[in-house]
>>> print(open('run.cif').read())   # mmCIF, C-alpha atoms
data_target
loop_
_atom_site.group_PDB
_atom_site.id
_atom_site.type_symbol
_atom_site.label_atom_id
_atom_site.label_comp_id
_atom_site.auth_asym_id
_atom_site.auth_seq_id
_atom_site.Cartn_x
_atom_site.Cartn_y
_atom_site.Cartn_z
ATOM 1 C CA MET V 121 41.756 9.897 -14.011
ATOM 2 C CA LYS V 122 40.992 10.239 -10.283
ATOM 3 C CA HIS V 123 39.248 13.536 -10.929
ATOM 4 C CA LEU V 124 37.146 12.023 -13.686
ATOM 5 C CA PHE V 125 36.056 9.170 -11.424
ATOM 6 C CA LEU V 126 35.304 11.572 -8.555
ATOM 7 C CA THR V 127 33.305 13.861 -10.841
ATOM 8 C CA ALA V 128 31.328 10.938 -12.236
ATOM 9 C CA SER V 129 30.647 9.653 -8.724
ATOM 10 C CA ILE V 130 29.414 13.049 -7.523
ATOM 11 C CA LEU V 131 27.233 13.429 -10.609
ATOM 12 C CA ALA V 132 25.681 9.987 -10.067
ATOM 13 C CA THR V 133 24.927 10.833 -6.440
ATOM 14 C CA CYS V 134 23.299 14.127 -7.435
ATOM 15 C CA LEU V 135 21.172 12.454 -10.088
ATOM 16 C CA ALA V 136 20.041 9.757 -7.646
ATOM 17 C CA SER V 137 19.116 12.407 -5.079
ATOM 18 C CA ALA V 138 17.123 14.345 -7.670
ATOM 19 C CA ALA V 139 15.294 11.189 -8.771
ATOM 20 C CA HIS V 140 14.457 10.326 -5.158
ATOM 21 C CA ALA V 141 13.174 13.850 -4.541
ATOM 22 C CA GLY V 142 10.637 13.398 -7.333
ATOM 23 C CA VAL V 143 9.468 10.000 -6.103
ATOM 24 C CA ILE V 144 9.176 11.298 -2.530
ATOM 25 C CA GLU V 145 7.016 14.234 -3.617
ATOM 26 C CA ASN V 146 4.847 11.950 -5.749
ATOM 27 C CA ARG V 147 4.249 9.461 -2.937
ATOM 28 C CA LYS V 148 3.437 12.268 -0.479
ATOM 29 C CA ALA V 149 0.883 13.622 -2.952
ATOM 30 C CA LYS V 150 -0.738 10.193 -3.338
ATOM 31 C CA PHE V 151 -1.005 9.715 0.429
ATOM 32 C CA LYS V 152 -2.617 13.156 0.756
ATOM 33 C CA GLU V 153 -5.031 12.197 -2.010
ATOM 34 C CA ASN V 154 -5.967 9.029 -0.083
ATOM 35 C CA VAL V 155 -6.708 11.090 3.026
ATOM 36 C CA ALA V 156 -8.940 13.426 1.004
ATOM 37 C CA ILE V 157 -10.796 10.444 -0.482
ATOM 38 C CA LEU V 158 -11.453 8.955 2.943
ATOM 39 C CA ARG V 159 -12.527 12.271 4.452
ATOM 40 C CA ALA V 160 -15.089 12.802 1.688
ATOM 41 C CA ILE V 161 -16.861 9.466 2.121
ATOM 42 C CA GLN V 162 -19.255 10.467 4.929
ATOM 43 C CA THR V 163 -20.507 13.406 2.846
ATOM 44 C CA GLN V 164 -20.720 11.222 -0.266
ATOM 45 C CA ILE V 165 -22.850 8.674 1.601
ATOM 46 C CA GLY V 166 -25.198 11.469 2.689
ATOM 47 C CA GLU V 167 -25.454 12.701 -0.890
ATOM 48 C CA GLY V 168 -25.924 9.186 -2.255
ATOM 49 C CA ASP V 169 -22.820 9.590 -4.405
ATOM 50 C CA PHE V 170 -21.847 5.926 -4.392
ATOM 51 C CA GLU V 171 -20.058 6.258 -7.720
ATOM 52 C CA ALA V 172 -17.605 8.721 -6.173
ATOM 53 C CA ILE V 173 -17.023 6.356 -3.244
ATOM 54 C CA ALA V 174 -16.396 3.449 -5.627
ATOM 55 C CA ALA V 175 -14.017 5.582 -7.684
ATOM 56 C CA GLY V 176 -12.175 6.566 -4.509
ATOM 57 C CA GLY V 177 -11.795 2.930 -3.509
ATOM 58 C CA ARG V 178 -10.485 2.096 -6.965
ATOM 59 C CA ASN V 179 -8.055 5.022 -6.804
ATOM 60 C CA ILE V 180 -6.682 3.867 -3.443
ATOM 61 C CA ALA V 181 -6.405 0.267 -4.700
ATOM 62 C CA ASP V 182 -4.509 1.446 -7.784
ATOM 63 C CA TRP V 183 -2.118 3.443 -5.610
ATOM 64 C CA ALA V 184 -1.595 0.494 -3.259
ATOM 65 C CA THR V 185 -0.551 -1.615 -6.250
ATOM 66 C CA LYS V 186 2.099 0.951 -7.214
ATOM 67 C CA MET V 187 3.058 2.038 -3.695
ATOM 68 C CA PRO V 188 6.141 -0.205 -3.255
ATOM 69 C CA ASP V 189 7.620 1.266 -6.452
ATOM 70 C CA PHE V 190 7.522 4.698 -4.811
ATOM 71 C CA PHE V 191 9.817 3.551 -2.008
ATOM 72 C CA PRO V 192 13.110 2.771 -3.739
ATOM 73 C CA GLU V 193 15.941 2.073 -1.342
ATOM 74 C CA GLY V 194 17.582 5.311 -0.310
ATOM 75 C CA SER V 195 14.440 7.433 -0.654
ATOM 76 C CA GLU V 196 14.263 8.319 3.016
ATOM 77 C CA SER V 197 12.172 11.304 3.940
ATOM 78 C CA ALA V 198 10.684 12.829 7.047
ATOM 79 C CA GLY V 199 8.306 10.227 8.359
ATOM 80 C CA THR V 200 9.897 7.105 6.911
ATOM 81 C CA ILE V 201 12.073 4.829 8.977
ATOM 82 C CA ASP V 202 14.640 2.545 7.442
ATOM 83 C CA THR V 203 12.936 -0.654 8.612
ATOM 84 C CA ILE V 204 10.816 -0.266 5.496
ATOM 85 C CA TRP V 205 13.813 -1.317 3.396
ATOM 86 C CA LEU V 206 15.036 -3.886 5.903
ATOM 87 C CA ASP V 207 11.711 -5.759 5.695
ATOM 88 C CA PHE V 208 10.416 -4.747 2.281
ATOM 89 C CA ASP V 209 8.444 -7.982 1.900
ATOM 90 C CA ASP V 210 6.375 -6.979 4.928
ATOM 91 C CA PHE V 211 5.872 -3.521 3.425
ATOM 92 C CA ARG V 212 4.655 -5.111 0.181
ATOM 93 C CA SER V 213 2.327 -7.367 2.171
ATOM 94 C CA LYS V 214 0.853 -4.355 3.954
ATOM 95 C CA ALA V 215 0.368 -2.554 0.615
ATOM 96 C CA THR V 216 -1.469 -5.632 -0.691
ATOM 97 C CA ALA V 217 -3.723 -5.647 2.391
ATOM 98 C CA ASN V 218 -4.431 -1.960 1.747
ATOM 99 C CA LYS V 219 -5.353 -2.754 -1.844
ATOM 100 C CA GLN V 220 -7.717 -5.558 -0.801
ATOM 101 C CA ALA V 221 -9.438 -3.302 1.750
ATOM 102 C CA ALA V 222 -9.818 -0.554 -0.871
ATOM 103 C CA LEU V 223 -11.397 -3.041 -3.275
ATOM 104 C CA GLN V 224 -13.857 -4.004 -0.533
ATOM 105 C CA LEU V 225 -14.735 -0.324 -0.233
ATOM 106 C CA GLU V 226 -15.346 -0.161 -3.970
ATOM 107 C CA LYS V 227 -17.546 -3.270 -3.788
ATOM 108 C CA ALA V 228 -19.572 -1.906 -0.840
ATOM 109 C CA ALA V 229 -20.160 1.319 -2.750
ATOM 110 C CA GLY V 230 -21.330 -0.711 -5.734
ATOM 111 C CA ILE V 231 -24.150 -2.225 -3.674
ATOM 112 C CA LYS V 232 -24.918 1.145 -2.056
ATOM 113 C CA ASP V 233 -24.744 -0.175 1.490
ATOM 114 C CA ALA V 234 -23.720 2.597 3.902
ATOM 115 C CA GLY V 235 -23.025 0.128 6.726
ATOM 116 C CA ARG V 236 -20.708 -1.954 4.581
ATOM 117 C CA ILE V 237 -19.048 1.177 3.253
ATOM 118 C CA MET V 238 -18.255 2.383 6.763
ATOM 119 C CA ALA V 239 -17.023 -1.090 7.767
ATOM 120 C CA ALA V 240 -14.781 -1.095 4.682
ATOM 121 C CA VAL V 241 -13.487 2.381 5.569
ATOM 122 C CA GLN V 242 -12.621 1.168 9.064
ATOM 123 C CA LYS V 243 -10.831 -1.894 7.686
ATOM 124 C CA LEU V 244 -8.980 0.297 5.196
ATOM 125 C CA GLY V 245 -7.962 2.636 8.014
ATOM 126 C CA ARG V 246 -6.592 -0.316 9.978
ATOM 127 C CA THR V 247 -4.381 -1.270 7.018
ATOM 128 C CA CYS V 248 -3.022 2.280 6.939
ATOM 129 C CA LYS V 249 -2.400 2.228 10.688
ATOM 130 C CA SER V 250 -0.652 -1.151 10.503
ATOM 131 C CA CYS V 251 1.815 0.137 7.941
ATOM 132 C CA HIS V 252 2.358 3.424 9.766
ATOM 133 C CA GLN V 253 3.056 1.619 13.042
ATOM 134 C CA SER V 254 5.740 -0.452 11.339
ATOM 135 C CA PHE V 255 7.308 2.004 8.928
ATOM 136 C CA LYS V 256 6.455 5.607 9.790
ATOM 137 C CA SER V 257 7.984 7.784 12.465
ATOM 138 C CA ASN V 258 5.980 10.204 14.651
#
>>> encode(input="run.cif", output="structure tokens")
Amino acid sequence: MKHLFLTASILATCLASAAHAGVIENRKAKFKENVAILRAIQTQIGEGDFEAIAAGGRNIADWATKMPDFFPEGSESAGTIDTIWLDFDDFRSKATANKQAALQLEKAAGIKDAGRIMAAVQKLGRTCKSCHQSFKSN
């Protein structure tokens, strides 16, 4: 009976680790996608591609809504620090601020105002920095 319990325990741990590996890779991919979206904006303004900027803002806002779900407790990875799970309400609050800033970017793109777009990008960047300062190492 002890062996059965031990085997079941080891199996559960392995399955949890595998599940966390998938969520970690997915969240890393989404953060890289956000960086690519933000890097493209200056070029998109120059090309007058306000639809792409709006779509990027929407994409970031959608990710921010889901972001807390991609940080289940125990999903530590290089770059995360455990204070994220100790103060998860603050993490959720920062994700909400990120979403609101991304929606402002989408709105600025909708009125095709380069100044407002850049102001929205700066505000969005500050929401990223705020979260990184609290919950990301290095």
>>> closest_residue(input="run.cif", among="V:Ile201, V:Ile144, V:Ile173, V:Leu225", to="Asp189 (chain V)", atoms="all atoms listed in the file")
V:Ile144
>>> axis_aligned_box(input="run.cif", around="region 168-186 of chain V", padding_each_side="8 Å", output="JSON")
{"center_x": -11.9, "center_y": 4.0, "center_z": -5.0, "size_x": 44.0, "size_y": 27.2, "size_z": 21.5}
>>> residues_near_point(input="run.cif", point="(-8.7, 1.8, -9.3)", cutoff="12 Å", atoms="only C-alpha atoms", output="PDB file with C-alpha atoms, in the coordinates of the input")
ATOM      1  CA  ALA V 172     -17.605   8.721  -6.173  1.00  0.00           C
ATOM      2  CA  ILE V 173     -17.023   6.356  -3.244  1.00  0.00           C
ATOM      3  CA  ALA V 174     -16.396   3.449  -5.627  1.00  0.00           C
ATOM      4  CA  ALA V 175     -14.017   5.582  -7.684  1.00  0.00           C
ATOM      5  CA  GLY V 176     -12.175   6.566  -4.509  1.00  0.00           C
ATOM      6  CA  GLY V 177     -11.795   2.930  -3.509  1.00  0.00           C
ATOM      7  CA  ARG V 178     -10.485   2.096  -6.965  1.00  0.00           C
ATOM      8  CA  ASN V 179      -8.055   5.022  -6.804  1.00  0.00           C
ATOM      9  CA  ILE V 180      -6.682   3.867  -3.443  1.00  0.00           C
ATOM     10  CA  ALA V 181      -6.405   0.267  -4.700  1.00  0.00           C
ATOM     11  CA  ASP V 182      -4.509   1.446  -7.784  1.00  0.00           C
ATOM     12  CA  TRP V 183      -2.118   3.443  -5.610  1.00  0.00           C
ATOM     13  CA  ALA V 184      -1.595   0.494  -3.259  1.00  0.00           C
ATOM     14  CA  THR V 185      -0.551  -1.615  -6.250  1.00  0.00           C
ATOM     15  CA  LYS V 186       2.099   0.951  -7.214  1.00  0.00           C
ATOM     16  CA  LYS V 219      -5.353  -2.754  -1.844  1.00  0.00           C
ATOM     17  CA  GLN V 220      -7.717  -5.558  -0.801  1.00  0.00           C
ATOM     18  CA  ALA V 222      -9.818  -0.554  -0.871  1.00  0.00           C
ATOM     19  CA  LEU V 223     -11.397  -3.041  -3.275  1.00  0.00           C
ATOM     20  CA  GLN V 224     -13.857  -4.004  -0.533  1.00  0.00           C
ATOM     21  CA  LEU V 225     -14.735  -0.324  -0.233  1.00  0.00           C
ATOM     22  CA  GLU V 226     -15.346  -0.161  -3.970  1.00  0.00           C
ATOM     23  CA  LYS V 227     -17.546  -3.270  -3.788  1.00  0.00           C
TER      24      LYS V 227
END
>>> closest_residue(input="run.cif", among="V:Phe190, V:Ile204, V:Val241, V:Ser213", to="Ile165 (chain V)", atoms="all atoms listed in the file")
V:Val241
>>> closest_residue(input="run.cif", among="V:Arg212, V:Arg246, V:His252, V:Lys152", to="Met187 (chain V)", atoms="all atoms listed in the file")
V:Arg212
>>> atom_distance(input="run.cif", atom1="CA of Val143 (chain V)", atom2="CA of Asn258 (chain V)")
21.0 Å
>>> closest_residue(input="run.cif", among="V:Lys214, V:Lys148, V:Lys249, V:Lys232", to="Gln164 (chain V)", atoms="only C-alpha atoms")
V:Lys232
>>> atom_distance(input="run.cif", atom1="CA of Gly245 (chain V)", atom2="CA of Ala156 (chain V)")
12.9 Å
>>> closest_residue(input="run.cif", among="V:Pro192, V:Gly142, V:Gly199, V:Gly168", to="Ile237 (chain V)", atoms="all atoms listed in the file")
V:Gly168
>>> decode(input="run.cif", residues="region 139-256 of chain V", atoms="C-alpha atoms", output="JSON list (two decimals), in the first residue's frame")
[["chain", "number", "residue", "atom", "x", "y", "z"],
["V", 139, "ALA", "CA", 1.35, 21.12, -16.78],
["V", 140, "HIS", "CA", 3.37, 24.01, -15.36],
["V", 141, "ALA", "CA", 5.97, 23.64, -18.10],
["V", 142, "GLY", "CA", 3.27, 24.20, -20.71],
["V", 143, "VAL", "CA", 1.81, 27.24, -18.97],
["V", 144, "ILE", "CA", 5.29, 28.73, -18.49],
["V", 145, "GLU", "CA", 6.12, 28.36, -22.18],
["V", 146, "ASN", "CA", 2.76, 29.84, -23.17],
["V", 147, "ARG", "CA", 3.15, 32.89, -20.93],
["V", 148, "LYS", "CA", 6.72, 33.48, -22.17],
["V", 149, "ALA", "CA", 5.43, 33.38, -25.75],
["V", 150, "LYS", "CA", 2.69, 35.91, -24.95],
["V", 151, "PHE", "CA", 5.15, 38.31, -23.31],
["V", 152, "LYS", "CA", 7.44, 38.05, -26.35],
["V", 153, "GLU", "CA", 4.44, 38.77, -28.56],
["V", 154, "ASN", "CA", 3.68, 41.91, -26.51],
["V", 155, "VAL", "CA", 7.26, 43.13, -26.98],
["V", 156, "ALA", "CA", 6.99, 42.59, -30.75],
["V", 157, "ILE", "CA", 3.69, 44.51, -30.83],
["V", 158, "LEU", "CA", 5.19, 47.46, -28.98],
["V", 159, "ARG", "CA", 8.34, 47.50, -31.10],
["V", 160, "ALA", "CA", 6.30, 47.64, -34.31],
["V", 161, "ILE", "CA", 4.21, 50.67, -33.34],
["V", 162, "GLN", "CA", 6.65, 53.40, -34.43],
["V", 163, "THR", "CA", 6.86, 51.85, -37.91],
["V", 164, "GLN", "CA", 3.09, 51.37, -38.02],
["V", 165, "ILE", "CA", 2.54, 55.05, -37.18],
["V", 166, "GLY", "CA", 4.88, 56.02, -40.03],
["V", 167, "GLU", "CA", 2.98, 53.76, -42.41],
["V", 168, "GLY", "CA", -0.40, 54.99, -41.18],
["V", 169, "ASP", "CA", -1.34, 51.45, -40.17],
["V", 170, "PHE", "CA", -3.60, 52.44, -37.29],
["V", 171, "GLU", "CA", -5.63, 49.26, -37.63],
["V", 172, "ALA", "CA", -2.55, 47.18, -36.80],
["V", 173, "ILE", "CA", -1.84, 49.39, -33.77],
["V", 174, "ALA", "CA", -5.44, 49.02, -32.57],
["V", 175, "ALA", "CA", -5.27, 45.26, -33.07],
["V", 176, "GLY", "CA", -2.02, 45.16, -31.09],
["V", 177, "GLY", "CA", -3.61, 47.08, -28.24],
["V", 178, "ARG", "CA", -6.56, 44.70, -28.25],
["V", 179, "ASN", "CA", -4.21, 41.71, -28.28],
["V", 180, "ILE", "CA", -2.29, 43.02, -25.27],
["V", 181, "ALA", "CA", -5.54, 43.81, -23.43],
["V", 182, "ASP", "CA", -6.83, 40.29, -24.10],
["V", 183, "TRP", "CA", -3.59, 38.81, -22.77],
["V", 184, "ALA", "CA", -3.70, 41.02, -19.67],
["V", 185, "THR", "CA", -7.18, 39.67, -18.91],
["V", 186, "LYS", "CA", -5.88, 36.08, -19.03],
["V", 187, "MET", "CA", -2.42, 36.75, -17.59],
["V", 188, "PRO", "CA", -3.16, 35.80, -13.95],
["V", 189, "ASP", "CA", -4.39, 32.39, -15.12],
["V", 190, "PHE", "CA", -0.94, 31.74, -16.58],
["V", 191, "PHE", "CA", 0.70, 32.10, -13.17],
["V", 192, "PRO", "CA", -0.68, 29.19, -11.15],
["V", 193, "GLU", "CA", 1.01, 28.74, -7.81],
["V", 194, "GLY", "CA", 4.11, 26.62, -8.21],
["V", 195, "SER", "CA", 4.84, 27.72, -11.78],
["V", 196, "GLU", "CA", 8.13, 29.37, -10.94],
["V", 197, "SER", "CA", 10.50, 29.98, -13.79],
["V", 198, "ALA", "CA", 13.63, 31.98, -14.45],
["V", 199, "GLY", "CA", 12.60, 35.57, -13.98],
["V", 200, "THR", "CA", 9.68, 35.10, -11.60],
["V", 201, "ILE", "CA", 10.01, 35.67, -7.90],
["V", 202, "ASP", "CA", 7.70, 34.08, -5.39],
["V", 203, "THR", "CA", 6.26, 37.38, -4.16],
["V", 204, "ILE", "CA", 3.92, 37.08, -7.12],
["V", 205, "TRP", "CA", 2.06, 34.31, -5.29],
["V", 206, "LEU", "CA", 2.40, 35.93, -1.88],
["V", 207, "ASP", "CA", 0.59, 39.07, -3.12],
["V", 208, "PHE", "CA", -1.46, 37.73, -6.01],
["V", 209, "ASP", "CA", -4.11, 40.43, -5.58],
["V", 210, "ASP", "CA", -1.46, 43.04, -6.36],
["V", 211, "PHE", "CA", -0.39, 41.03, -9.40],
["V", 212, "ARG", "CA", -4.00, 40.92, -10.61],
["V", 213, "SER", "CA", -4.29, 44.67, -10.03],
["V", 214, "LYS", "CA", -1.18, 45.28, -12.12],
["V", 215, "ALA", "CA", -2.56, 43.05, -14.91],
["V", 216, "THR", "CA", -5.78, 45.09, -14.85],
["V", 217, "ALA", "CA", -3.78, 48.33, -15.12],
["V", 218, "ASN", "CA", -1.94, 46.81, -18.09],
["V", 219, "LYS", "CA", -5.25, 45.95, -19.72],
["V", 220, "GLN", "CA", -6.61, 49.47, -19.22],
["V", 221, "ALA", "CA", -3.46, 51.01, -20.72],
["V", 222, "ALA", "CA", -3.66, 48.65, -23.70],
["V", 223, "LEU", "CA", -7.29, 49.65, -24.28],
["V", 224, "GLN", "CA", -6.19, 53.30, -24.26],
["V", 225, "LEU", "CA", -3.67, 52.40, -26.95],
["V", 226, "GLU", "CA", -6.43, 50.80, -29.00],
["V", 227, "LYS", "CA", -8.61, 53.89, -28.57],
["V", 228, "ALA", "CA", -5.78, 56.27, -29.57],
["V", 229, "ALA", "CA", -5.17, 54.21, -32.69],
["V", 230, "GLY", "CA", -8.87, 54.41, -33.50],
["V", 231, "ILE", "CA", -8.69, 58.21, -33.68],
["V", 232, "LYS", "CA", -5.38, 58.06, -35.57],
["V", 233, "ASP", "CA", -3.57, 60.41, -33.20],
["V", 234, "ALA", "CA", 0.17, 59.67, -33.18],
["V", 235, "GLY", "CA", 0.75, 61.79, -30.06],
["V", 236, "ARG", "CA", -1.91, 59.96, -28.10],
["V", 237, "ILE", "CA", -0.64, 56.63, -29.39],
["V", 238, "MET", "CA", 2.86, 57.36, -28.13],
["V", 239, "ALA", "CA", 1.50, 58.60, -24.79],
["V", 240, "ALA", "CA", -0.52, 55.37, -24.51],
["V", 241, "VAL", "CA", 2.59, 53.31, -25.35],
["V", 242, "GLN", "CA", 4.51, 55.09, -22.59],
["V", 243, "LYS", "CA", 1.71, 54.49, -20.09],
["V", 244, "LEU", "CA", 1.52, 50.85, -21.16],
["V", 245, "GLY", "CA", 5.28, 50.53, -20.71],
["V", 246, "ARG", "CA", 5.00, 51.93, -17.19],
["V", 247, "THR", "CA", 2.45, 49.23, -16.31],
["V", 248, "CYS", "CA", 4.89, 46.58, -17.55],
["V", 249, "LYS", "CA", 7.73, 48.13, -15.56],
["V", 250, "SER", "CA", 5.60, 48.33, -12.40],
["V", 251, "CYS", "CA", 4.85, 44.63, -12.53],
["V", 252, "HIS", "CA", 8.43, 43.69, -13.39],
["V", 253, "GLN", "CA", 9.78, 45.74, -10.49],
["V", 254, "SER", "CA", 7.51, 43.87, -8.10],
["V", 255, "PHE", "CA", 7.52, 40.36, -9.49],
["V", 256, "LYS", "CA", 10.40, 39.77, -11.88]]
